[in-house]
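Colleague: Sharing final_21.txt here; it has compact mmCIF, C-alpha atoms (C1' of nucleotides).
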```txt
# COMPACT_ATOMS: atom_id res chain seq x y z
CA MET A 46 106.26 156.79 101.48
CA ALA A 47 104.91 158.86 104.32
CA SER A 48 105.96 157.15 107.53
CA ALA A 49 109.22 155.93 106.02
CA ALA A 50 110.92 152.67 106.90
CA GLY A 51 108.78 149.59 107.02
CA GLY A 52 105.46 151.27 106.32
CA GLY A 53 102.86 149.81 108.60
CA ARG A 54 99.17 150.32 108.02
CA ARG A 55 97.95 147.93 110.68
CA ASP A 56 101.46 146.58 111.26
CA PRO A 57 101.79 143.93 108.58
CA GLU A 58 105.52 143.82 109.06
CA GLY A 59 104.97 143.06 112.71
CA ARG A 60 102.72 140.18 111.80
CA ARG A 61 105.28 138.87 109.40
CA ARG A 62 107.87 138.90 112.15
CA ALA A 63 105.45 137.39 114.66
CA LEU A 64 104.73 134.53 112.27
CA ALA A 65 108.41 133.87 111.64
CA ALA A 66 109.09 133.86 115.37
CA ALA A 67 106.16 131.52 115.94
CA VAL A 68 107.62 129.13 113.37
CA VAL A 69 110.84 128.99 115.36
CA ALA A 70 108.93 128.22 118.56
CA VAL A 71 106.78 125.55 116.93
CA VAL A 72 109.70 123.89 115.17
CA ALA A 73 111.63 123.88 118.43
CA GLU A 74 108.74 122.14 120.09
CA VAL A 75 107.60 119.52 117.58
CA GLY A 76 110.37 119.40 114.98
CA VAL A 77 110.50 120.55 111.37
CA GLY A 78 108.43 117.65 110.11
CA ARG A 79 105.42 118.22 112.31
CA ALA A 80 105.00 121.98 112.17
CA THR A 81 101.66 123.04 110.67
CA HIS A 82 99.99 126.26 109.58
CA ARG A 83 97.50 126.00 112.40
CA MET A 84 100.08 125.56 115.13
CA VAL A 85 102.04 128.55 113.89
CA ALA A 86 98.92 130.69 113.61
CA ALA A 87 97.83 129.78 117.14
CA ARG A 88 101.29 130.49 118.52
CA ALA A 89 101.49 133.84 116.76
CA GLY A 90 97.97 134.73 117.87
CA VAL A 91 96.68 135.35 114.36
CA PRO A 92 93.89 133.64 112.42
CA LEU A 93 94.75 130.80 110.09
CA GLY A 94 94.10 132.89 107.00
CA ALA A 95 96.84 135.33 107.94
CA THR A 96 99.52 132.68 107.52
CA THR A 97 98.74 132.08 103.88
CA TYR A 98 98.29 135.77 103.21
CA TYR A 99 101.87 136.50 104.24
CA PHE A 100 103.43 133.21 103.21
CA PRO A 101 101.70 131.50 100.26
CA THR A 102 102.85 127.98 101.10
CA LEU A 103 103.91 126.11 104.21
CA ALA A 104 107.42 125.88 102.82
CA ASP A 105 107.55 129.68 102.61
CA LEU A 106 106.29 129.99 106.15
CA ILE A 107 108.86 127.61 107.55
CA ALA A 108 111.60 129.16 105.46
CA ALA A 109 110.82 132.50 107.09
CA GLY A 110 111.37 130.97 110.51
CA LEU A 111 114.59 129.34 109.46
CA ALA A 112 115.84 132.61 108.04
CA LEU A 113 115.35 134.06 111.50
CA VAL A 114 117.46 131.30 113.02
CA SER A 115 120.05 131.74 110.31
CA ASP A 116 120.35 135.43 111.16
CA SER A 117 120.70 134.68 114.85
CA ILE A 118 123.48 132.24 114.08
CA ALA A 119 125.29 134.98 112.23
CA ASP A 120 124.91 137.18 115.32
CA ASP A 121 126.08 134.30 117.47
CA LEU A 122 129.26 134.00 115.49
CA ALA A 123 130.15 137.56 116.36
CA SER A 124 129.72 136.74 120.04
CA TRP A 125 131.86 133.63 119.64
CA GLU A 126 134.58 135.76 118.18
CA ALA A 127 134.25 138.23 121.03
CA ALA A 128 134.48 135.47 123.63
CA ILE A 129 137.60 134.09 122.01
CA GLY A 130 139.19 137.50 121.86
CA GLU A 131 138.87 138.05 125.60
CA ALA A 132 141.55 137.36 128.14
CA GLY A 133 142.32 133.69 128.73
CA GLY A 134 143.02 132.70 125.18
CA VAL A 135 141.14 130.58 122.68
CA ALA A 136 140.60 127.57 124.94
CA GLN A 137 139.13 129.51 127.84
CA GLY A 138 136.92 131.76 125.73
CA LEU A 139 135.68 129.04 123.45
CA SER A 140 134.85 126.56 126.20
CA ARG A 141 133.05 129.23 128.22
CA ARG A 142 130.98 130.26 125.22
CA ALA A 143 130.15 126.65 124.34
CA ALA A 144 129.03 125.91 127.90
CA GLU A 145 126.82 128.99 127.80
CA TYR A 146 125.34 127.99 124.50
CA ALA A 147 124.54 124.49 125.66
CA ARG A 148 122.76 125.82 128.71
CA ASP A 149 119.78 126.74 126.50
CA GLN A 150 118.96 123.16 125.58
CA ARG A 151 115.81 124.11 123.71
CA ARG A 152 117.60 126.42 121.35
CA ALA A 153 120.56 124.08 120.96
CA LEU A 154 118.27 121.24 119.97
CA LEU A 155 116.45 123.44 117.49
CA GLU A 156 119.67 124.51 115.84
CA TYR A 157 121.11 121.02 115.66
CA GLU A 158 117.90 119.74 114.17
CA LEU A 159 118.04 122.40 111.49
CA TYR A 160 121.73 121.71 111.05
CA LEU A 161 120.86 118.09 110.26
CA ALA A 162 117.86 119.03 108.17
CA ALA A 163 120.29 120.99 106.02
CA ALA A 164 121.61 117.69 104.74
CA ARG A 165 118.18 116.66 103.46
CA GLY A 166 117.02 119.85 101.75
CA PRO A 167 119.36 122.33 100.11
CA GLN A 168 117.44 125.35 101.39
CA LEU A 169 119.13 125.00 104.76
CA ARG A 170 122.60 124.41 103.36
CA PRO A 171 123.67 128.05 103.90
CA LEU A 172 122.78 127.75 107.59
CA ALA A 173 125.11 124.82 108.12
CA ARG A 174 127.83 126.40 106.01
CA ALA A 175 127.55 129.68 107.88
CA TRP A 176 128.31 127.91 111.14
CA LEU A 177 131.14 125.71 109.93
CA ASP A 178 132.85 128.31 107.79
CA GLY A 179 132.28 131.01 110.37
CA MET A 180 133.97 129.02 113.11
CA HIS A 181 136.81 128.14 110.79
CA GLU A 182 137.29 131.77 109.87
CA ILE A 183 137.48 132.77 113.51
CA LEU A 184 139.81 130.00 114.62
CA ALA A 185 142.13 129.49 111.66
CA PRO A 186 144.09 132.73 112.10
CA ARG A 187 144.78 131.85 115.73
CA VAL A 188 145.57 128.15 115.67
CA GLY A 189 146.00 127.25 112.03
CA ALA A 190 143.58 125.66 109.58
CA ARG A 191 144.13 122.09 110.68
CA ALA A 192 143.62 122.69 114.38
CA ALA A 193 140.68 124.98 113.61
CA ARG A 194 138.86 122.16 111.93
CA ALA A 195 139.56 119.71 114.74
CA ILE A 196 138.48 122.20 117.40
CA THR A 197 135.27 122.97 115.54
CA ALA A 198 134.47 119.27 115.42
CA LEU A 199 135.28 118.87 119.12
CA VAL A 200 133.11 121.80 120.17
CA ASP A 201 130.31 120.72 117.84
CA GLY A 202 130.40 117.22 119.31
CA ALA A 203 130.44 118.50 122.88
CA MET A 204 127.47 120.79 122.30
CA LEU A 205 125.57 118.08 120.46
CA GLN A 206 126.08 115.66 123.32
CA ALA A 207 125.00 118.25 125.85
CA ALA A 208 121.88 118.97 123.80
CA VAL A 209 121.01 115.28 123.55
CA THR A 210 121.70 114.25 127.12
CA GLY A 211 120.66 117.46 128.83
CA ASP A 212 123.85 117.39 130.88
CA PRO A 213 125.85 120.61 131.06
CA ILE A 214 129.21 120.88 129.35
CA ASP A 215 132.25 120.24 131.54
CA GLN A 216 133.88 123.53 130.78
CA ALA A 217 137.28 122.80 132.29
CA ALA A 218 137.59 119.49 130.47
CA LEU A 219 136.60 121.10 127.19
CA ALA A 220 139.13 123.89 127.65
CA GLU A 221 141.84 121.34 128.31
CA ALA A 222 140.92 119.41 125.18
CA ILE A 223 140.90 122.55 123.06
CA GLU A 224 144.30 123.41 124.45
CA ALA A 225 145.61 119.98 123.48
CA LEU A 226 144.34 120.41 119.93
CA SER A 227 145.72 123.95 119.61
CA ALA A 228 149.16 122.81 120.58
CA SER A 229 149.18 119.98 118.07
CA PRO A 230 152.30 120.13 115.87
CA ARG A 231 151.93 120.57 112.15
CA PRO A 232 152.04 117.37 110.00
CA MET B 199 104.94 73.93 119.47
CA ALA B 200 105.60 71.75 116.48
CA SER B 201 108.05 73.64 114.27
CA ALA B 202 109.84 75.15 117.26
CA ALA B 203 111.39 78.60 117.38
CA GLY B 204 109.41 81.46 115.90
CA GLY B 205 106.49 79.43 114.59
CA GLY B 206 105.59 80.75 111.16
CA ARG B 207 102.33 79.98 109.53
CA ARG B 208 102.61 82.22 106.52
CA ASP B 209 105.74 83.95 107.83
CA PRO B 210 104.32 86.55 110.15
CA GLU B 211 107.69 87.06 111.76
CA GLY B 212 109.13 87.83 108.37
CA ARG B 213 106.48 90.47 107.83
CA ARG B 214 107.18 91.96 111.20
CA ARG B 215 110.84 92.24 110.28
CA ALA B 216 110.04 93.60 106.83
CA LEU B 217 107.87 96.29 108.36
CA ALA B 218 110.52 97.29 110.87
CA ALA B 219 113.12 97.46 108.12
CA ALA B 220 110.76 99.53 105.98
CA VAL B 221 110.35 101.98 108.85
CA VAL B 222 114.11 102.48 108.92
CA ALA B 223 114.18 103.15 105.20
CA VAL B 224 111.27 105.56 105.31
CA VAL B 225 112.57 107.45 108.32
CA ALA B 226 115.96 107.73 106.65
CA GLU B 227 114.28 109.24 103.61
CA VAL B 228 111.73 111.67 105.02
CA GLY B 229 112.60 111.98 108.70
CA VAL B 230 110.85 110.76 111.83
CA GLY B 231 108.17 113.41 111.69
CA ARG B 232 106.91 112.60 108.23
CA ALA B 233 106.85 108.83 108.19
CA THR B 234 103.36 107.40 107.67
CA HIS B 235 101.66 104.01 107.76
CA ARG B 236 101.10 104.10 104.04
CA MET B 237 104.69 104.86 103.16
CA VAL B 238 105.95 102.05 105.34
CA ALA B 239 103.41 99.60 103.94
CA ALA B 240 104.32 100.49 100.38
CA ARG B 241 108.03 100.15 101.12
CA ALA B 242 107.54 96.79 102.81
CA GLY B 243 105.32 95.60 99.98
CA VAL B 244 102.38 94.76 102.23
CA PRO B 245 98.84 96.12 102.29
CA LEU B 246 98.02 98.97 104.63
CA GLY B 247 96.00 96.74 106.93
CA ALA B 248 99.03 94.61 107.71
CA THR B 249 100.76 97.49 109.42
CA THR B 250 98.07 97.94 112.05
CA TYR B 251 97.69 94.21 112.48
CA TYR B 252 101.30 93.85 113.59
CA PHE B 253 101.71 97.26 115.20
CA PRO B 254 98.51 98.71 116.66
CA THR B 255 99.58 102.34 116.49
CA LEU B 256 101.97 104.39 114.41
CA ALA B 257 104.13 104.91 117.48
CA ASP B 258 104.49 101.14 117.84
CA LEU B 259 105.40 100.80 114.20
CA ILE B 260 108.07 103.46 114.35
CA ALA B 261 109.37 102.14 117.64
CA ALA B 262 109.92 98.77 115.96
CA GLY B 263 112.09 100.44 113.35
CA LEU B 264 114.05 102.34 115.93
CA ALA B 265 114.64 99.17 117.91
CA LEU B 266 116.25 97.77 114.79
CA VAL B 267 118.57 100.76 114.56
CA SER B 268 119.30 100.48 118.26
CA ASP B 269 120.37 96.88 117.80
CA SER B 270 122.58 97.75 114.87
CA ILE B 271 124.26 100.42 116.96
CA ALA B 272 125.04 97.81 119.57
CA ASP B 273 126.59 95.68 116.81
CA ASP B 274 128.44 98.71 115.56
CA LEU B 275 130.01 99.26 118.95
CA ALA B 276 131.57 95.83 118.78
CA SER B 277 133.11 96.71 115.43
CA TRP B 278 134.39 100.01 116.83
CA GLU B 279 136.08 98.09 119.59
CA ALA B 280 137.56 95.67 117.09
CA ALA B 281 138.90 98.51 114.94
CA ILE B 282 140.52 100.12 117.95
CA GLY B 283 142.07 96.88 119.02
CA GLU B 284 143.86 96.41 115.73
CA ALA B 285 147.41 97.40 115.01
CA GLY B 286 148.07 101.11 114.82
CA GLY B 287 146.63 102.09 118.14
CA VAL B 288 143.51 103.97 119.18
CA ALA B 289 143.99 106.98 116.92
CA GLN B 290 144.52 104.98 113.74
CA GLY B 291 141.75 102.48 114.38
CA LEU B 292 139.22 105.02 115.55
CA SER B 293 139.78 107.48 112.73
CA ARG B 294 139.64 104.71 110.14
CA ARG B 295 136.36 103.41 111.56
CA ALA B 296 134.86 106.91 111.76
CA ALA B 297 135.77 107.62 108.15
CA GLU B 298 134.18 104.34 107.13
CA TYR B 299 131.05 105.13 109.08
CA ALA B 300 130.68 108.56 107.57
CA ARG B 301 130.95 107.16 104.08
CA ASP B 302 127.37 105.91 104.36
CA GLN B 303 125.84 109.36 104.58
CA ARG B 304 122.30 108.07 104.47
CA ARG B 305 122.73 105.87 107.51
CA ALA B 306 124.77 108.46 109.37
CA LEU B 307 122.04 111.05 108.88
CA LEU B 308 119.41 108.61 110.06
CA GLU B 309 121.30 107.81 113.21
CA TYR B 310 122.07 111.42 114.04
CA GLU B 311 118.45 112.34 113.50
CA LEU B 312 117.37 109.64 115.94
CA TYR B 313 120.16 110.67 118.26
CA LEU B 314 118.67 114.16 118.35
CA ALA B 315 115.11 112.89 118.53
CA ALA B 316 116.17 111.11 121.70
CA ALA B 317 116.26 114.49 123.39
CA ARG B 318 112.61 115.14 122.57
CA GLY B 319 111.03 111.84 123.47
CA PRO B 320 112.34 109.55 126.18
CA GLN B 321 111.70 106.39 124.18
CA LEU B 322 114.90 106.98 122.24
CA ARG B 323 116.99 107.86 125.26
CA PRO B 324 118.53 104.35 125.49
CA LEU B 325 119.73 104.66 121.92
CA ALA B 326 121.69 107.81 122.64
CA ARG B 327 122.98 106.46 125.92
CA ALA B 328 124.08 103.20 124.31
CA TRP B 329 126.29 105.10 121.93
CA LEU B 330 127.81 107.54 124.40
CA ASP B 331 128.32 105.05 127.20
CA GLY B 332 129.49 102.38 124.79
CA MET B 333 132.20 104.57 123.34
CA HIS B 334 133.26 105.66 126.78
CA GLU B 335 133.50 102.08 127.93
CA ILE B 336 135.70 101.20 125.00
CA LEU B 337 137.99 104.20 125.24
CA ALA B 338 138.30 104.84 128.96
CA PRO B 339 140.48 101.79 129.75
CA ARG B 340 142.93 102.82 127.05
CA VAL B 341 143.22 106.59 127.39
CA GLY B 342 141.52 107.45 130.68
CA ALA B 343 138.03 108.73 131.38
CA ARG B 344 138.74 112.37 130.66
CA ALA B 345 140.38 111.82 127.29
CA ALA B 346 137.72 109.24 126.44
CA ARG B 347 135.02 111.85 126.76
CA ALA B 348 136.92 114.41 124.71
CA ILE B 349 137.66 111.91 121.97
CA THR B 350 134.05 110.79 121.82
CA ALA B 351 132.97 114.41 121.39
CA LEU B 352 135.59 114.98 118.71
CA VAL B 353 134.64 111.89 116.73
CA ASP B 354 130.93 112.65 117.15
CA GLY B 355 131.47 116.16 115.86
CA ALA B 356 133.55 114.99 112.93
CA MET B 357 130.96 112.42 111.88
CA LEU B 358 128.12 114.89 112.31
CA GLN B 359 129.88 117.43 110.12
CA ALA B 360 130.57 114.81 107.49
CA ALA B 361 126.93 113.76 107.54
CA VAL B 362 125.72 117.33 107.19
CA THR B 363 128.13 118.52 104.54
CA GLY B 364 128.47 115.28 102.62
CA ASP B 365 132.25 115.70 102.61
CA PRO B 366 134.33 112.68 103.60
CA ILE B 367 136.25 112.69 106.87
CA ASP B 368 139.91 113.68 106.66
CA GLN B 369 141.18 110.51 108.26
CA ALA B 370 144.76 111.59 108.80
CA ALA B 371 143.73 114.87 110.40
CA LEU B 372 141.28 113.10 112.68
CA ALA B 373 143.90 110.56 113.74
CA GLU B 374 146.27 113.36 114.58
CA ALA B 375 143.64 115.13 116.67
CA ILE B 376 142.78 111.93 118.53
CA GLU B 377 146.45 111.44 119.21
CA ALA B 378 146.70 114.93 120.65
CA LEU B 379 143.77 114.31 122.94
CA SER B 380 145.06 110.90 124.05
CA ALA B 381 148.38 112.38 125.07
CA SER B 382 146.77 115.14 127.10
CA PRO B 383 148.19 115.22 130.62
CA ARG B 384 145.92 114.62 133.58
CA PRO B 385 144.51 117.73 135.31
C1' DC C 175 85.53 163.39 101.46
C1' DC C 176 86.13 158.89 99.28
C1' DC C 177 88.00 155.17 96.78
C1' DG C 178 91.03 151.59 95.64
C1' DA C 179 94.74 149.02 97.48
C1' DA C 180 96.21 146.59 101.42
C1' DC C 181 95.04 143.82 104.88
C1' DT C 182 91.78 140.79 107.81
C1' DT C 183 88.84 137.07 108.80
C1' DG C 184 86.14 132.86 108.74
C1' DT C 185 84.76 129.21 106.17
C1' DA C 186 85.14 125.66 102.88
C1' DC C 187 87.65 122.36 99.54
C1' DG C 188 89.82 117.97 98.41
C1' DA C 189 93.68 115.18 100.00
C1' DT C 190 95.75 112.50 103.24
C1' DC C 191 96.28 110.91 107.63
C1' DG C 192 95.74 107.06 111.70
C1' DT C 193 92.88 103.63 112.85
C1' DA C 194 88.87 100.27 112.87
C1' DC C 195 86.82 96.41 111.14
C1' DA C 196 84.15 92.95 108.40
C1' DA C 197 84.88 89.37 105.34
C1' DG C 198 87.91 86.23 103.49
C1' DT C 199 91.88 82.84 103.60
C1' DT C 200 95.21 79.69 105.52
C1' DC C 201 96.86 76.22 108.48
C1' DG C 202 98.07 73.12 112.51
C1' DG C 203 96.04 70.24 116.33
C1' DG C 204 92.66 66.96 117.65
C1' DC D 35 88.66 65.38 108.11
C1' DC D 36 87.55 69.91 110.06
C1' DC D 37 87.40 73.75 113.03
C1' DG D 38 89.01 77.59 115.45
C1' DA D 39 92.87 80.53 115.80
C1' DA D 40 96.01 83.20 113.18
C1' DC D 41 96.67 85.92 109.54
C1' DT D 42 95.25 88.70 105.22
C1' DT D 43 92.98 92.15 102.70
C1' DG D 44 90.27 96.06 101.14
C1' DT D 45 87.37 99.51 102.43
C1' DA D 46 85.59 103.00 105.28
C1' DC D 47 85.52 106.42 109.35
C1' DG D 48 86.32 110.96 111.34
C1' DA D 49 90.15 114.13 112.03
C1' DT D 50 93.38 117.10 110.35
C1' DC D 51 96.09 118.86 106.93
C1' DG D 52 97.49 122.78 103.12
C1' DT D 53 95.39 125.95 100.53
C1' DA D 54 91.74 128.92 98.25
C1' DC D 55 88.73 132.52 98.48
C1' DA D 56 84.65 135.60 99.25
C1' DA D 57 83.27 139.08 102.13
C1' DG D 58 84.47 142.42 105.22
C1' DT D 59 87.53 146.21 107.23
C1' DT D 60 91.04 149.73 107.37
C1' DC D 61 93.67 153.47 105.75
C1' DG D 62 96.56 156.79 102.93
C1' DG D 63 96.64 159.59 98.56
C1' DG D 64 94.16 162.57 95.56
```
Kindly present the structure from the file in structure tokens form.

Modeller:
Amino acid sequence: MASAAGGGRRDPEGRRRALAAAVVAVVAEVGVGRATHRMVAARAGVPLGATTYYFPTLADLIAAGLALVSDSIADDLASWEAAIGEAGGVAQGLSRRAAEYARDQRRALLEYELYLAAARGPQLRPLARAWLDGMHEILAPRVGARAARAITALVDGAMLQAAVTGDPIDQAALAEAIEALSASPRP
Amino acid sequence: MASAAGGGRRDPEGRRRALAAAVVAVVAEVGVGRATHRMVAARAGVPLGATTYYFPTLADLIAAGLALVSDSIADDLASWEAAIGEAGGVAQGLSRRAAEYARDQRRALLEYELYLAAARGPQLRPLARAWLDGMHEILAPRVGARAARAITALVDGAMLQAAVTGDPIDQAALAEAIEALSASPRP
DNA sequence: CCCGAACTTGTACGATCGTACAAGTTCGGG
DNA sequence: CCCGAACTTGTACGATCGTACAAGTTCGGG
């Protein structure tokens, strides 16, 4: 191992990353069901043959893209936690972060599509779980398990609606609703 | 016009309906992006040629199926309103109906997939709007516009999560959350 | 220097797709 | 009775798909 981490004769690792990123772009554009080798290759700027060299089957290729999204969701969770930790409390931080998230409609749609696709094929299950459990882990210590689950559903619904309609999230209204759920008495 | 409404030589209208219903089944199984003429024909029990006779293009065929779902959502809205009108108030009726709805995971997934697909192609926009506006129309007179929107988001999120995870909705917890949002003071 | 492994590229394969269509069948109106 | 419109059916078309692979090219280790 001469040049250490990653190797890189003609930058195969870069191609692998470029292909995975191209998968994300293509899936965002046409949906999981319509993504093809050729679209991904064109988007990544590599010949068709390169796709099957790095990823033997289409399922492998798409899985590589989804892994990328999965990682970015994990990163996202950290930023959600940071937003909530800031001044203003859970309701302010959470609603601000949700409104920000929904502003990138393209990405929001992609993630919700994958979120749903997780129900059909088990290979995406971890992605959906990461989001739900991650949010619960962040919120539960601050508002209790029961309110955490309700707030996660509320925020999920608000972001889904924003992604579908294209309308921005009403941040003040969402904050108020989160507040109402946080204050809910125990059963 | 001898036999009046619908005509019906060898039951063409029945075939049309069978094809539309088959589209719904196929889309529910493999998703919008992977539904094909041949799958729909096989499911409907008609030869391939019949699909293009009744629906010139694949888009027409799929649109027919989605129209069916759209109609059933309109029917659903009536039953949501009925559930809310029953004894126990908004929170009880709504949470009970949502839990019922989520019990049919297959149908819930189908509808959420179409809901999302509405963001990509404008031909499904009415479907998404029908749901959002319909719920708002039902809830707003009872809890106010602001709470109506928050509750719709909450219920949407809860049903989406149930559809994705396959877990049933915690009806009592949802009712409690709806209650909290209904009682929220005006801004 | 050079050689084998790693990578690249273009082309080709059978399968399946959406769609077209010719030839048959059925049926109600005149 | 019968004829044309409505419907049925099977087959065939070119396009596109996932995947395989032979022939080249590059590059680091010995």

Colleague: Restricting the calculation to all atoms listed in the file: of B:Ala328, B:Ile271, B:Leu379, B:Leu264, which residue gets closest to chain A?

Modeller: B:Leu379

Colleague: Quick check: residues of chain C within 8 Å of chain B, only C-alpha atoms (C1' of nucleotides), returned as a list in words.

Modeller: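 Using only C-alpha atoms (C1' of nucleotides), chain C residues at most 8 Å from chain B: DC191, DG192, DT193, DT200 and DC201 of chain C.
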
Colleague: Show me, as a ChimeraX atom specification, the residues of chain A whose atoms get within 10 Å of chain B, using all atoms listed in the file for the distance check.

Modeller: /A:73-80,150-151,154-155,157-158,160-165,170,173-174,177,191-192,194-211,217-219,221-232

Colleague: How large is the C-alpha RMSD when chain A is optimally fitted onto chain B, using all Cα positions paired one-to-one in sequence order?

Modeller: 0.1 Å

Colleague: Which residues are near DG184 in chain C? Cut-off 12 Å, only C-alpha atoms (C1' of nucleotides), ignore same chain within fewer than 4 positions. Put them as an NGL selection string.

Modeller: (:A and (92-95)) or (:D and (55-58))

Colleague: Take the point (113.4, 122.5, 106.4) in the file's coordinates, draw a sphere of radius 7 Å around it, and report as an mmCIF file with C-alpha atoms, in the frame of the given file every protein, DNA or RNA residue with an atom inside or on it, counting all atoms listed in the file.

Modeller:
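Here's the written file part.cif:
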```
data_model
loop_
_atom_site.group_PDB
_atom_site.id
_atom_site.type_symbol
_atom_site.label_atom_id
_atom_site.label_comp_id
_atom_site.auth_asym_id
_atom_site.auth_seq_id
_atom_site.Cartn_x
_atom_site.Cartn_y
_atom_site.Cartn_z
ATOM 1 C CA VAL A 77 110.500 120.550 111.370
ATOM 2 C CA ILE A 107 108.860 127.610 107.550
ATOM 3 C CA ALA A 108 111.600 129.160 105.460
ATOM 4 C CA LEU A 159 118.040 122.400 111.490
ATOM 5 C CA ALA A 162 117.860 119.030 108.170
ATOM 6 C CA GLY A 166 117.020 119.850 101.750
ATOM 7 C CA LEU A 169 119.130 125.000 104.760
#
```

Colleague: Measure the distance from CA of Ala70 in chain A to CA of Asp120 in chain A in Å and round it to one decimal.

Modeller: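 Here the two named atoms are 18.6 Å from each other.
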
Colleague: Using all atoms listed in the file, which of the listed residues (A:Ala66, A:Ile214, A:Leu122, A:Ala185) sits closest to Ser140 in chain A?

Modeller: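 Nearest candidate to Ser140 in chain A out of A:Ala66, A:Ile214, A:Leu122, A:Ala185: A:Ile214.
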
Colleague: Go ahead and compute the interatomic distance for CA of Met84 in chain A and CA of Arg148 in chain A, in Å to one decimal.

Modeller: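 Result for CA of Met84 in chain A versus CA of Arg148 in chain A: 26.4 Å, one decimal.
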
Colleague: Any idea what the distance is between CA of Ala272 in chain B and CA of Arg294 in chain B?

Modeller: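 Separating CA of Ala272 in chain B from CA of Arg294 in chain B is a distance of 18.7 Å.
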
Colleague: Give me the residues near Leu64 in chain A as a PyMOL selection string, where near means some atom within 8 Å (using all atoms listed in the file) and where sequence neighbours in that chain fewer than 3 positions away do not count.

Modeller: chain A and resi 60-61+67-68+85-86+89+96+106+110

Colleague: Mind dumping the selected residues with C-alpha atoms as an mmCIF file, keeping the file's coordinate frame?

Modeller:
```
data_model
loop_
_atom_site.group_PDB
_atom_site.id
_atom_site.type_symbol
_atom_site.label_atom_id
_atom_site.label_comp_id
_atom_site.auth_asym_id
_atom_site.auth_seq_id
_atom_site.Cartn_x
_atom_site.Cartn_y
_atom_site.Cartn_z
ATOM 1 C CA ARG A 60 102.720 140.180 111.800
ATOM 2 C CA ARG A 61 105.280 138.870 109.400
ATOM 3 C CA ALA A 67 106.160 131.520 115.940
ATOM 4 C CA VAL A 68 107.620 129.130 113.370
ATOM 5 C CA VAL A 85 102.040 128.550 113.890
ATOM 6 C CA ALA A 86 98.920 130.690 113.610
ATOM 7 C CA ALA A 89 101.490 133.840 116.760
ATOM 8 C CA THR A 96 99.520 132.680 107.520
ATOM 9 C CA LEU A 106 106.290 129.990 106.150
ATOM 10 C CA GLY A 110 111.370 130.970 110.510
#
```
